[in-house]
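S.K.: Next comes input_22.cif, mmCIF, C-alpha atoms:
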```cif
data_model
loop_
_atom_site.label_atom_id
_atom_site.label_comp_id
_atom_site.auth_asym_id
_atom_site.auth_seq_id
_atom_site.Cartn_x
_atom_site.Cartn_y
_atom_site.Cartn_z
CA MET A 655 87.51 113.20 123.15
CA LYS A 656 87.74 116.97 122.94
CA LEU A 657 85.87 119.33 125.21
CA THR A 658 85.59 123.10 125.21
CA ARG A 659 83.33 126.01 126.12
CA GLY A 660 82.35 129.46 124.94
CA GLU A 661 83.51 129.52 121.37
CA GLY A 662 85.58 127.69 118.82
CA ARG A 663 85.05 124.59 116.72
CA ILE A 664 85.87 120.99 117.45
CA ILE A 665 86.36 118.72 114.46
CA THR A 666 86.64 114.99 114.01
CA TYR A 667 87.76 113.86 110.57
CA ALA A 668 86.79 111.00 108.29
CA LEU A 669 84.46 109.02 110.50
CA GLY A 670 84.17 105.70 108.70
CA SER A 671 82.59 102.94 110.71
CA CYS A 672 83.22 105.10 113.79
CA ILE A 673 80.54 107.29 115.36
CA GLY A 674 81.18 110.95 116.13
CA ILE A 675 79.10 112.15 119.06
CA ALA A 676 78.51 115.86 119.70
CA PHE A 677 77.31 116.89 123.18
CA TYR A 678 76.12 120.48 123.70
CA ASP A 679 74.73 122.28 126.72
CA PRO A 680 73.31 125.50 125.22
CA VAL A 681 72.85 127.34 128.54
CA ILE A 682 76.55 127.34 129.45
CA ARG A 683 77.83 126.81 125.90
CA LEU A 684 79.77 123.73 126.89
CA GLY A 685 80.39 121.03 124.34
CA ALA A 686 82.37 117.92 123.53
CA LEU A 687 83.06 115.76 120.52
CA LEU A 688 83.67 112.07 121.11
CA HIS A 689 84.90 109.64 118.45
CA ILE A 690 84.14 105.99 119.22
CA MET A 691 85.34 103.02 117.19
CA LEU A 692 83.73 99.97 118.79
CA PRO A 693 80.46 99.28 120.64
CA ALA A 694 81.54 97.90 124.00
CA ARG A 695 84.66 97.41 126.08
CA PHE A 696 85.41 93.84 127.08
CA GLY A 697 88.54 93.89 129.21
CA THR A 698 88.20 96.04 132.30
CA ASP A 699 91.94 96.64 132.22
CA ASP A 700 91.65 98.32 128.82
CA ASN A 701 92.48 101.97 129.39
CA ASN A 702 91.15 103.29 126.10
CA VAL A 703 87.82 104.36 127.51
CA TYR A 704 87.03 106.76 124.68
CA LYS A 705 87.41 104.09 122.01
CA TYR A 706 84.21 102.31 123.04
CA ALA A 707 80.63 103.57 122.96
CA ASP A 708 79.69 102.42 126.45
CA THR A 709 82.71 103.63 128.43
CA GLY A 710 83.36 106.59 126.12
CA ILE A 711 79.90 108.10 126.42
CA ARG A 712 79.75 107.58 130.18
CA GLU A 713 83.19 109.04 130.80
CA THR A 714 82.36 112.05 128.61
CA ILE A 715 79.12 112.63 130.53
CA HIS A 716 81.12 112.39 133.75
CA LYS A 717 83.68 114.97 132.59
CA LEU A 718 81.07 117.36 131.19
CA THR A 719 79.03 117.13 134.38
CA ALA A 720 82.11 118.16 136.34
CA PHE A 721 82.21 121.27 134.15
CA GLY A 722 78.59 122.08 134.88
CA MET A 723 76.65 120.26 132.17
CA VAL A 724 73.04 119.46 133.01
CA LYS A 725 71.89 116.28 131.27
CA SER A 726 68.27 117.27 130.80
CA ARG A 727 69.08 120.35 128.73
CA THR A 728 72.00 118.85 126.82
CA VAL A 729 71.58 118.13 123.13
CA VAL A 730 73.24 115.12 121.48
CA LYS A 731 73.83 114.64 117.76
CA ILE A 732 75.66 111.74 116.09
CA ALA A 733 77.18 110.92 112.71
CA GLY A 734 79.09 108.07 111.08
CA GLY A 735 78.59 104.32 111.15
CA ALA A 736 79.15 103.86 107.42
CA LYS A 737 79.72 100.56 105.68
CA MET A 738 82.45 101.27 103.17
CA PHE A 739 83.09 97.78 101.87
CA GLU A 740 80.55 95.20 100.86
CA ILE A 741 81.92 91.69 100.43
CA SER A 742 79.53 89.40 98.56
CA GLY A 743 79.05 86.16 100.38
CA ASN A 744 80.07 87.77 103.66
CA SER A 745 77.26 90.08 104.52
CA ASP A 746 78.39 90.67 108.07
CA PHE A 747 81.77 92.14 107.16
CA GLY A 748 81.85 95.84 107.74
CA ASN A 749 78.68 95.99 109.81
CA ILE A 750 80.59 97.37 112.75
CA GLY A 751 79.33 100.84 111.83
CA LEU A 752 75.71 99.87 112.39
CA HIS A 753 76.59 97.96 115.57
CA ASN A 754 78.30 101.11 116.82
CA ARG A 755 75.26 103.22 116.03
CA ASP A 756 72.87 100.82 117.73
CA ARG A 757 75.00 100.67 120.88
CA VAL A 758 75.32 104.48 120.96
CA ARG A 759 71.55 104.90 120.75
CA GLN A 760 71.10 102.32 123.48
CA VAL A 761 73.58 103.99 125.86
CA PHE A 762 71.89 107.38 125.49
CA ALA A 763 68.51 105.78 126.13
CA GLU A 764 69.94 104.24 129.30
CA GLU A 765 71.39 107.61 130.35
CA GLY A 766 68.08 109.36 129.74
CA MET A 767 69.58 111.80 127.26
CA ARG A 768 67.97 113.02 124.05
CA LEU A 769 69.59 112.07 120.76
CA VAL A 770 68.06 114.82 118.64
CA ALA A 771 69.66 114.30 115.26
CA GLU A 772 71.77 111.80 113.37
CA ASP A 773 73.43 111.30 110.00
CA THR A 774 74.45 107.66 110.02
CA GLY A 775 74.77 104.61 107.82
CA GLY A 776 75.39 104.76 104.09
CA THR A 777 78.74 104.09 102.48
CA CYS A 778 80.62 107.38 102.80
CA ALA A 779 83.00 108.59 105.47
CA ARG A 780 82.06 111.88 107.17
CA THR A 781 83.81 114.80 108.86
CA MET A 782 81.89 116.32 111.77
CA VAL A 783 82.30 119.88 113.04
CA LEU A 784 80.79 121.19 116.29
CA ASP A 785 80.55 124.98 116.66
CA ILE A 786 80.67 125.76 120.37
CA ALA A 787 79.24 129.26 120.04
CA THR A 788 76.00 127.98 118.50
CA GLY A 789 75.88 124.23 119.06
CA GLY A 790 75.53 123.78 115.33
CA VAL A 791 76.89 120.59 113.78
CA LEU A 792 78.12 120.42 110.20
CA ILE A 793 78.68 117.17 108.32
CA ARG A 794 81.02 117.01 105.29
CA THR A 795 81.02 114.04 102.95
CA PHE A 796 82.56 113.26 99.57
CA GLY A 797 80.01 113.55 96.81
CA ARG A 798 77.31 115.26 98.86
CA ALA A 799 76.63 118.84 99.90
CA GLU A 800 77.39 119.81 103.51
CA ILE A 801 74.50 119.25 105.85
CA LYS A 802 73.63 120.83 109.16
CA LEU A 803 72.31 118.66 111.96
CA MET B 619 106.34 82.65 123.51
CA LYS B 620 103.84 84.05 121.10
CA LEU B 621 103.32 87.71 120.39
CA ARG B 622 100.33 89.38 121.98
CA TYR B 623 100.72 92.73 120.28
CA TYR B 624 102.26 93.82 116.99
CA GLU B 625 104.44 96.35 118.81
CA ASP B 626 106.18 93.51 120.66
CA MET B 627 107.91 92.39 117.46
CA ASN B 628 111.67 92.45 117.66
CA LEU B 629 114.07 93.52 114.91
CA GLN B 630 114.52 90.04 113.54
CA GLU B 631 110.77 89.51 113.27
CA LEU B 632 110.31 92.91 111.61
CA ASP B 633 113.02 91.98 109.13
CA VAL B 634 111.22 88.80 108.24
CA MET B 635 108.05 90.75 107.55
CA LYS B 636 110.04 93.18 105.40
CA GLU B 637 111.31 90.23 103.41
CA ILE B 638 107.75 89.06 102.86
CA GLY B 639 106.78 92.58 101.88
CA SER B 640 109.58 92.64 99.38
CA ILE B 641 108.66 89.36 97.78
CA GLY B 642 104.95 90.07 97.71
CA THR B 643 105.25 93.59 96.36
CA GLY B 644 107.88 92.46 93.87
CA HIS B 645 105.41 90.04 92.34
CA ALA B 646 102.67 92.64 92.41
CA ALA B 647 105.02 94.99 90.56
CA THR B 648 105.55 92.36 87.87
CA ALA B 649 101.79 92.05 87.43
CA LEU B 650 101.42 95.84 87.30
CA SER B 651 104.26 96.01 84.82
CA MET B 652 102.52 93.56 82.50
CA MET B 653 99.27 95.49 82.79
CA LEU B 654 100.90 98.81 81.95
CA GLN B 655 103.58 97.53 79.59
CA LYS B 656 106.11 99.61 81.49
CA GLU B 657 108.99 98.80 83.75
CA ILE B 658 108.04 98.93 87.42
CA ARG B 659 110.52 98.74 90.29
CA ILE B 660 109.83 98.70 93.98
CA THR B 661 111.44 100.60 96.83
CA LEU B 662 112.70 98.94 100.02
CA PRO B 663 109.71 97.83 102.02
CA GLU B 664 108.80 99.39 105.33
CA VAL B 665 107.16 97.60 108.22
CA SER B 666 105.54 99.89 110.76
CA VAL B 667 103.38 99.24 113.76
CA LEU B 668 101.07 102.21 113.95
CA GLY B 669 98.01 103.47 115.72
CA TYR B 670 95.09 104.72 113.64
CA GLU B 671 96.05 108.41 113.49
CA GLU B 672 99.70 107.70 112.80
CA ALA B 673 98.73 105.37 109.97
CA VAL B 674 96.45 107.93 108.36
CA ASN B 675 99.09 110.66 108.59
CA ARG B 676 101.78 108.36 107.23
CA ILE B 677 99.75 107.71 104.09
CA GLY B 678 98.14 111.12 103.52
CA ASN B 679 95.39 113.31 104.94
CA PRO B 680 92.30 111.97 106.65
CA GLU B 681 89.86 113.66 104.27
CA GLU B 682 91.80 112.85 101.12
CA ILE B 683 89.68 110.90 98.64
CA VAL B 684 91.36 107.69 97.53
CA ALA B 685 90.31 104.45 95.92
CA ALA B 686 90.65 101.24 97.88
CA VAL B 687 90.37 97.58 96.99
CA LEU B 688 89.95 95.15 99.85
CA VAL B 689 90.26 91.38 99.91
CA LYS B 690 89.68 89.27 102.99
CA MET B 691 92.09 86.37 103.60
CA GLY B 692 91.06 83.12 105.26
CA GLY B 693 92.41 79.62 105.73
CA ASP B 694 95.90 79.22 107.16
CA ILE B 695 96.18 82.99 107.39
CA ASP B 696 93.37 85.31 108.45
CA GLY B 697 93.53 88.98 107.70
CA LEU B 698 92.96 91.72 105.17
CA MET B 699 94.73 92.88 102.03
CA LEU B 700 94.13 96.53 101.28
CA PHE B 701 95.33 98.37 98.21
CA LEU B 702 94.96 102.15 98.37
CA PHE B 703 95.67 104.48 95.47
CA ASP B 704 95.16 108.07 94.39
CA LEU B 705 93.67 109.61 91.26
CA ASP B 706 97.04 109.83 89.55
CA PHE B 707 97.65 106.10 89.98
CA ALA B 708 94.11 105.37 88.83
CA ASN B 709 94.65 107.40 85.69
CA THR B 710 97.92 105.62 85.00
CA ILE B 711 95.97 102.38 84.89
CA LEU B 712 92.93 103.77 83.07
CA GLU B 713 94.96 105.47 80.37
CA LYS B 714 96.59 102.17 79.56
CA LEU B 715 93.56 99.91 79.88
CA MET B 716 90.94 102.22 78.47
CA ARG B 717 92.91 104.91 76.66
CA LYS B 718 91.10 107.48 78.78
CA GLY B 719 91.63 108.85 82.26
CA CYS B 720 89.26 110.83 84.42
CA GLN B 721 89.42 114.30 85.97
CA GLU B 722 88.07 113.28 89.32
CA PHE B 723 87.02 110.11 91.06
CA SER B 724 83.41 111.23 90.93
CA GLY B 725 83.66 111.17 87.12
CA LEU B 726 84.33 107.43 86.91
CA ASP B 727 81.77 105.44 84.98
CA GLU B 728 80.89 101.83 85.82
CA ILE B 729 83.30 100.30 83.34
CA ALA B 730 86.26 102.39 84.48
CA TYR B 731 85.44 101.64 88.10
CA SER B 732 85.33 97.89 87.38
CA ALA B 733 88.65 98.13 85.57
CA LEU B 734 90.22 99.70 88.64
CA VAL B 735 88.77 97.07 90.97
CA GLU B 736 90.06 94.34 88.70
CA ALA B 737 93.51 95.91 88.51
CA GLY B 738 93.59 96.14 92.30
CA ASN B 739 92.51 92.53 92.58
CA ILE B 740 95.27 91.38 90.23
CA ILE B 741 97.85 93.29 92.24
CA ILE B 742 96.58 91.85 95.52
CA CYS B 743 96.42 88.29 94.18
CA SER B 744 99.97 88.44 92.82
CA TYR B 745 101.16 89.50 96.23
CA ILE B 746 99.29 86.67 97.93
CA ASN B 747 100.52 84.05 95.45
CA ALA B 748 104.11 84.97 96.17
CA PHE B 749 103.46 85.10 99.87
CA THR B 750 101.79 81.68 100.07
CA GLN B 751 104.64 80.08 98.17
CA PHE B 752 107.30 81.68 100.31
CA VAL B 753 105.70 80.86 103.65
CA GLY B 754 104.16 77.54 102.60
CA VAL B 755 100.52 78.18 103.46
CA ASP B 756 97.09 78.01 101.85
CA ILE B 757 95.04 81.15 101.73
CA GLY B 758 91.50 81.59 100.47
CA LEU B 759 90.61 85.02 99.16
CA SER B 760 87.25 86.72 99.17
CA VAL B 761 85.80 88.43 96.12
CA PRO B 762 87.32 91.93 96.04
CA SER B 763 85.38 94.85 97.40
CA ALA B 764 86.13 98.45 96.60
CA THR B 765 85.27 101.97 97.59
CA ILE B 766 86.18 105.57 96.80
CA ASN B 767 86.17 107.34 100.10
CA MET B 768 88.05 109.46 102.63
CA LEU B 769 91.38 107.87 103.58
CA GLY B 770 90.65 108.20 107.30
CA GLY B 771 87.33 106.44 106.92
CA ILE B 772 88.81 103.56 104.96
CA LEU B 773 91.45 102.90 107.60
CA THR B 774 88.79 102.54 110.30
CA VAL B 775 87.90 99.21 108.66
CA PRO B 776 91.04 97.25 109.67
CA ILE B 777 91.08 99.05 113.02
CA ALA B 778 87.53 97.90 113.72
CA GLU B 779 88.27 94.37 112.47
CA TYR B 780 91.13 93.96 114.96
CA GLY B 781 90.17 96.66 117.42
CA TYR B 782 89.43 94.29 120.26
CA GLU B 783 92.81 92.63 119.97
CA THR B 784 94.95 95.69 119.57
CA ASP B 785 95.16 99.46 119.11
CA LYS B 786 98.01 99.35 116.67
CA LEU B 787 98.29 97.50 113.43
CA MET B 788 101.26 96.29 111.43
CA TYR B 789 101.50 97.90 108.00
CA ILE B 790 103.84 96.36 105.48
CA ASN B 791 104.36 98.47 102.40
CA ALA B 792 106.73 99.00 99.49
CA ASP B 793 106.24 101.65 96.82
CA PHE B 794 105.97 101.15 93.08
CA VAL B 795 108.29 103.22 90.88
CA MET B 796 107.53 103.63 87.19
CA GLU B 797 110.11 105.34 84.95
CA GLY B 798 111.71 107.04 87.93
CA ARG B 799 108.38 108.32 89.25
CA MET B 800 106.93 107.09 92.52
CA LEU B 801 103.35 105.94 92.13
CA SER B 802 101.01 106.72 95.00
CA GLY B 803 99.70 103.29 95.74
CA TRP B 804 99.81 101.62 99.13
CA LEU B 805 99.63 97.85 99.21
CA LEU B 806 99.02 96.78 102.79
CA MET B 807 99.02 93.27 104.18
CA LEU B 808 97.26 93.06 107.53
CA PRO B 809 97.35 89.60 109.12
CA ASP B 810 95.73 89.08 112.52
CA ILE B 811 97.93 88.30 115.51
CA ARG B 812 97.33 84.57 115.48
CA SER B 813 98.32 84.46 111.81
CA LEU B 814 101.36 86.62 112.39
CA ASN B 815 102.57 84.20 115.06
CA ASP B 816 101.94 81.35 112.65
CA ILE B 817 103.94 83.02 109.88
CA LEU B 818 106.87 83.70 112.20
CA GLU B 819 106.83 80.14 113.45
CA ARG B 820 106.79 78.69 109.94
CA LEU B 821 109.74 80.86 108.96
CA GLY B 822 111.65 79.75 112.01
CA VAL B 823 111.76 83.07 113.82
CA ALA B 824 109.28 82.47 116.59
CA LYS B 825 110.63 83.08 120.08
#
```
Have the structure of the file written as structure tokens, please.
M.R.:
Amino acid sequence: MKLTRGEGRIITYALGSCIGIAFYDPVIRLGALLHIMLPARFGTDDNNVYKYADTGIRETIHKLTAFGMVKSRTVVKIAGGAKMFEISGNSDFGNIGLHNRDRVRQVFAEEGMRLVAEDTGGTCARTMVLDIATGGVLIRTFGRAEIKL
Amino acid sequence: MKLRYYEDMNLQELDVMKEIGSIGTGHAATALSMMLQKEIRITLPEVSVLGYEEAVNRIGNPEEIVAAVLVKMGGDIDGLMLFLFDLDFANTILEKLMRKGCQEFSGLDEIAYSALVEAGNIIICSYINAFTQFVGVDIGLSVPSATINMLGGILTVPIAEYGYETDKLMYINADFVMEGRMLSGWLLMLPDIRSLNDILERLGVAK
């Protein structure tokens, strides 16, 4: 998880089945980019909080709040959750991306935060860029023009 | 005592996996050699236990576009076989099989794409055949699946598959060398921890 304020860009590369989550508080220009790989943490002794959607999002909210973020005005955008391999006869393989996305949406609903935009699903990996000066999010993918969220 | 994490492997166990890598890749090289009608050697295999970012950086750049063929293993051994290769490697195969390469991955037509998937499958199956004979196990293989995608994205697949068990994965790889030139293809065998323990036990190296 990377956090910064004022200006600069935070980038997370090649999100495959992972979900990149951009948090942005426009009033104080404070933002963070979180990269989660799995939906939920099972072992409470697992210290990789940012690897999981549930603990990762909550810990990021906690850190941002300490820096002055106000939840109600903070904007959240997500990208990723692709299914890169399809194995015939094993339709569940590779669905982790969608499970990640569903869990992310659920956690934000529980936290009462607005998820305003998303570019998820599909088969292609994505690079996500958060511009701290503007809050703009850019998504780069192979074989598709750049899009702004 | 069985291993809980790949990084707990000792030198002897790593050596055994290198041996397997050597045998498997050697057979894959023979298959590749027959496909291309050229002599193919392999380099000494490497076994590394790496986290996601280290693995991506070891192989290339996260946004680099590569082709990947994936086969899921089941039966005595559970895990994934992943064969990653770049455009240059793809063209080496295509020029032989179809007398025509392509400028970019996005220019591949359906037939060329299928040829690459099939070539990848043959390479993977040769590896597995050698491996099953050496270790004395039965492995069922899924139908191959393929993608052309960012390297970083592709590697999230094995990480997610085993992510609850571990943060690091064991990558066993040896390179193919054709006429003195190293081909950029990565043939990775990724067994799960239970299977790794089983392999080590069968080969008499379990603690």
S.K.: With chain B as the partner and 6 Å as the cut-off, tabulate the residues of chain A that qualify, each row holding the nearest pair of atoms and their distance in Å to one decimal, using only C-alpha atoms, sorted by chain and rising number, as a Markdown table.
M.R.:
```
| residue | atom | partner | partner_atom | distance |
| --- | --- | --- | --- | --- |
| A:Ala668 | CA | B:Gly771 | CA | 4.8 |
| A:Leu669 | CA | B:Gly771 | CA | 5.3 |
| A:Gly670 | CA | B:Gly771 | CA | 3.7 |
| A:Phe739 | CA | B:Ser763 | CA | 5.8 |
| A:Glu740 | CA | B:Ser763 | CA | 6.0 |
| A:Ile741 | CA | B:Ser763 | CA | 5.6 |
| A:Ala779 | CA | B:Gly771 | CA | 5.0 |
```
S.K.: Can you translate the PyMOL selection byres ((chain B and resi 753-759) around 6) into the concrete residues it hits in this file, as number ranges by chain?
M.R.: B: 690-694, 750-752, 760
S.K.: Fewer than 6 positions away in the same chain doesn't count, so skip those; otherwise give me all residues within 8 Å of Phe749 of chain B, counting all atoms listed in the file, as a compact mmCIF listing (two decimals) with C-alpha atoms, in the coordinates of the input.
M.R.:
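Full text of out.txt as output:
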```txt
# COMPACT_ATOMS: atom_id res chain seq x y z
CA ILE B 638 107.75 89.06 102.86
CA ILE B 641 108.66 89.36 97.78
CA GLY B 642 104.95 90.07 97.71
```
S.K.: For the PyMOL selection byres ((chain A and resi 783-797) around 9), applied here, can you spell out every residue it catches as a PyMOL selection string?
M.R.: (chain A and resi 658-668+676-680+683-687+729+731+733+773+778-782+798-803) or (chain B and resi 681+683+724+766-768)
S.K.: Atom CA of Arg622 of chain B and atom CA of Leu808 of chain B are how many Å apart?
M.R.: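 Here the two named atoms are 15.2 Å from each other.
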S.K.: Quick one: residues within 12 Å of Gln721 of chain B, only C-alpha atoms, excluding same-chain residues fewer than 6 positions away - as a list in words?
M.R.: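 What passes the distance filter is Asp704, Leu705, Asp706, Ala708, Asn709, Leu712, Glu713 and Asp727 of chain B.
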S.K.: Please, could you write that set of residues out with C-alpha atoms as an mmCIF file, keeping the file's coordinate frame?
M.R.:
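Now in out.cif:
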```
data_model
loop_
_atom_site.group_PDB
_atom_site.id
_atom_site.type_symbol
_atom_site.label_atom_id
_atom_site.label_comp_id
_atom_site.auth_asym_id
_atom_site.auth_seq_id
_atom_site.Cartn_x
_atom_site.Cartn_y
_atom_site.Cartn_z
ATOM 1 C CA ASP B 704 95.160 108.070 94.390
ATOM 2 C CA LEU B 705 93.670 109.610 91.260
ATOM 3 C CA ASP B 706 97.040 109.830 89.550
ATOM 4 C CA ALA B 708 94.110 105.370 88.830
ATOM 5 C CA ASN B 709 94.650 107.400 85.690
ATOM 6 C CA LEU B 712 92.930 103.770 83.070
ATOM 7 C CA GLU B 713 94.960 105.470 80.370
ATOM 8 C CA ASP B 727 81.770 105.440 84.980
#
```
S.K.: So that I can see what lies close to Ser640 of chain B, please list as a ChimeraX atom specification the residues with an atom at most 8 Å from it, counting only C-alpha atoms and leaving out residues fewer than 5 positions away in the same chain.
M.R.: /B:662-663,792
S.K.: I'd like the residues picked by the PyMOL selection byres ((chain A and resi 714) around 10) written out as a PyMOL selection string, using the chain letters and numbers from the file.
M.R.: chain A and resi 655-657+677+686-688+703-704+709-713+715-720
S.K.: Would you please work out which residue, of B:Thr784, B:Val795, B:Glu637, B:Trp804, is nearest to Gly697 of chain A when using all atoms listed in the file?
M.R.: B:Thr784
S.K.: Under the rule that all atoms listed in the file are counted, which of B:Gly678, B:Gly798, B:Gly697, B:Gly822 is the nearest residue to Ile660 of chain B?
M.R.: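 That would be B:Gly798, the residue with the smallest distance to Ile660 of chain B.
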S.K.: Atom CA of Ala733 of chain B to atom CA of Phe707 of chain B: how many Å, to one decimal?
M.R.: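 Answer for the atom CA of Ala733 of chain B to atom CA of Phe707 of chain B separation: 12.8 Å.
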S.K.: What is the atom CA of Met788 of chain B-atom CA of Leu650 of chain B distance in Å, reported with one decimal?
M.R.: 24.1 Å
S.K.: Taking (71.1, 109.5, 125.5) in the file's coordinates as the center, which residues reach within 12 Å of it, counting only C-alpha atoms, put as a compact mmCIF listing (two decimals) with C-alpha atoms, in the frame of the given file?
M.R.:
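See selection32.txt below for the written result:
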```txt
# COMPACT_ATOMS: atom_id res chain seq x y z
CA ILE A 675 79.10 112.15 119.06
CA ALA A 676 78.51 115.86 119.70
CA PHE A 677 77.31 116.89 123.18
CA ALA A 707 80.63 103.57 122.96
CA ASP A 708 79.69 102.42 126.45
CA ILE A 711 79.90 108.10 126.42
CA ARG A 712 79.75 107.58 130.18
CA THR A 714 82.36 112.05 128.61
CA ILE A 715 79.12 112.63 130.53
CA LYS A 725 71.89 116.28 131.27
CA SER A 726 68.27 117.27 130.80
CA ARG A 727 69.08 120.35 128.73
CA THR A 728 72.00 118.85 126.82
CA VAL A 729 71.58 118.13 123.13
CA VAL A 730 73.24 115.12 121.48
CA LYS A 731 73.83 114.64 117.76
CA ILE A 732 75.66 111.74 116.09
CA ASP A 756 72.87 100.82 117.73
CA ARG A 757 75.00 100.67 120.88
CA VAL A 758 75.32 104.48 120.96
CA ARG A 759 71.55 104.90 120.75
CA GLN A 760 71.10 102.32 123.48
CA VAL A 761 73.58 103.99 125.86
CA PHE A 762 71.89 107.38 125.49
CA ALA A 763 68.51 105.78 126.13
CA GLU A 764 69.94 104.24 129.30
CA GLU A 765 71.39 107.61 130.35
CA GLY A 766 68.08 109.36 129.74
CA MET A 767 69.58 111.80 127.26
CA ARG A 768 67.97 113.02 124.05
CA LEU A 769 69.59 112.07 120.76
CA VAL A 770 68.06 114.82 118.64
CA ALA A 771 69.66 114.30 115.26
```
S.K.: Neighbouring residues of Gly751 of chain A were defined as those with any atom within 6 Å, considering only C-alpha atoms; residues of the same chain fewer than 6 positions away were excluded. Please report them as JSON, numbers by chain.
M.R.: {"A": [671, 735, 736]}
S.K.: How would segment 684-695 of chain A of the given structure read as a file with N, CA and C atoms, as a short mmCIF file (atom, residue, chain, number, x, y, z; two decimals), in the first residue's frame?
M.R.:
```
data_model
loop_
_atom_site.label_atom_id
_atom_site.label_comp_id
_atom_site.auth_asym_id
_atom_site.auth_seq_id
_atom_site.Cartn_x
_atom_site.Cartn_y
_atom_site.Cartn_z
N LEU A 684 -5.22 13.94 -0.42
CA LEU A 684 -4.55 12.81 0.20
C LEU A 684 -5.04 11.56 -0.51
N GLY A 685 -4.11 10.69 -0.89
CA GLY A 685 -4.54 9.50 -1.60
C GLY A 685 -3.70 8.29 -1.27
N ALA A 686 -4.24 7.12 -1.62
CA ALA A 686 -3.51 5.87 -1.42
C ALA A 686 -3.90 4.89 -2.50
N LEU A 687 -2.96 3.99 -2.80
CA LEU A 687 -3.23 2.94 -3.77
C LEU A 687 -2.92 1.61 -3.09
N LEU A 688 -3.93 0.78 -3.00
CA LEU A 688 -3.80 -0.52 -2.33
C LEU A 688 -3.92 -1.62 -3.38
N HIS A 689 -3.14 -2.68 -3.22
CA HIS A 689 -3.12 -3.77 -4.20
C HIS A 689 -3.43 -5.06 -3.45
N ILE A 690 -4.65 -5.55 -3.55
CA ILE A 690 -5.00 -6.77 -2.81
C ILE A 690 -4.99 -7.99 -3.73
N MET A 691 -4.66 -9.15 -3.15
CA MET A 691 -4.56 -10.37 -3.95
C MET A 691 -5.65 -11.39 -3.66
N LEU A 692 -6.15 -11.38 -2.43
CA LEU A 692 -7.14 -12.38 -2.03
C LEU A 692 -8.27 -11.71 -1.26
N PRO A 693 -9.46 -12.34 -1.22
CA PRO A 693 -10.62 -11.69 -0.60
C PRO A 693 -10.54 -11.49 0.91
N ALA A 694 -10.19 -12.57 1.65
CA ALA A 694 -10.30 -12.44 3.10
C ALA A 694 -9.17 -13.16 3.81
N ARG A 695 -8.72 -12.58 4.91
CA ARG A 695 -7.66 -13.22 5.69
C ARG A 695 -8.26 -14.29 6.59
#
```
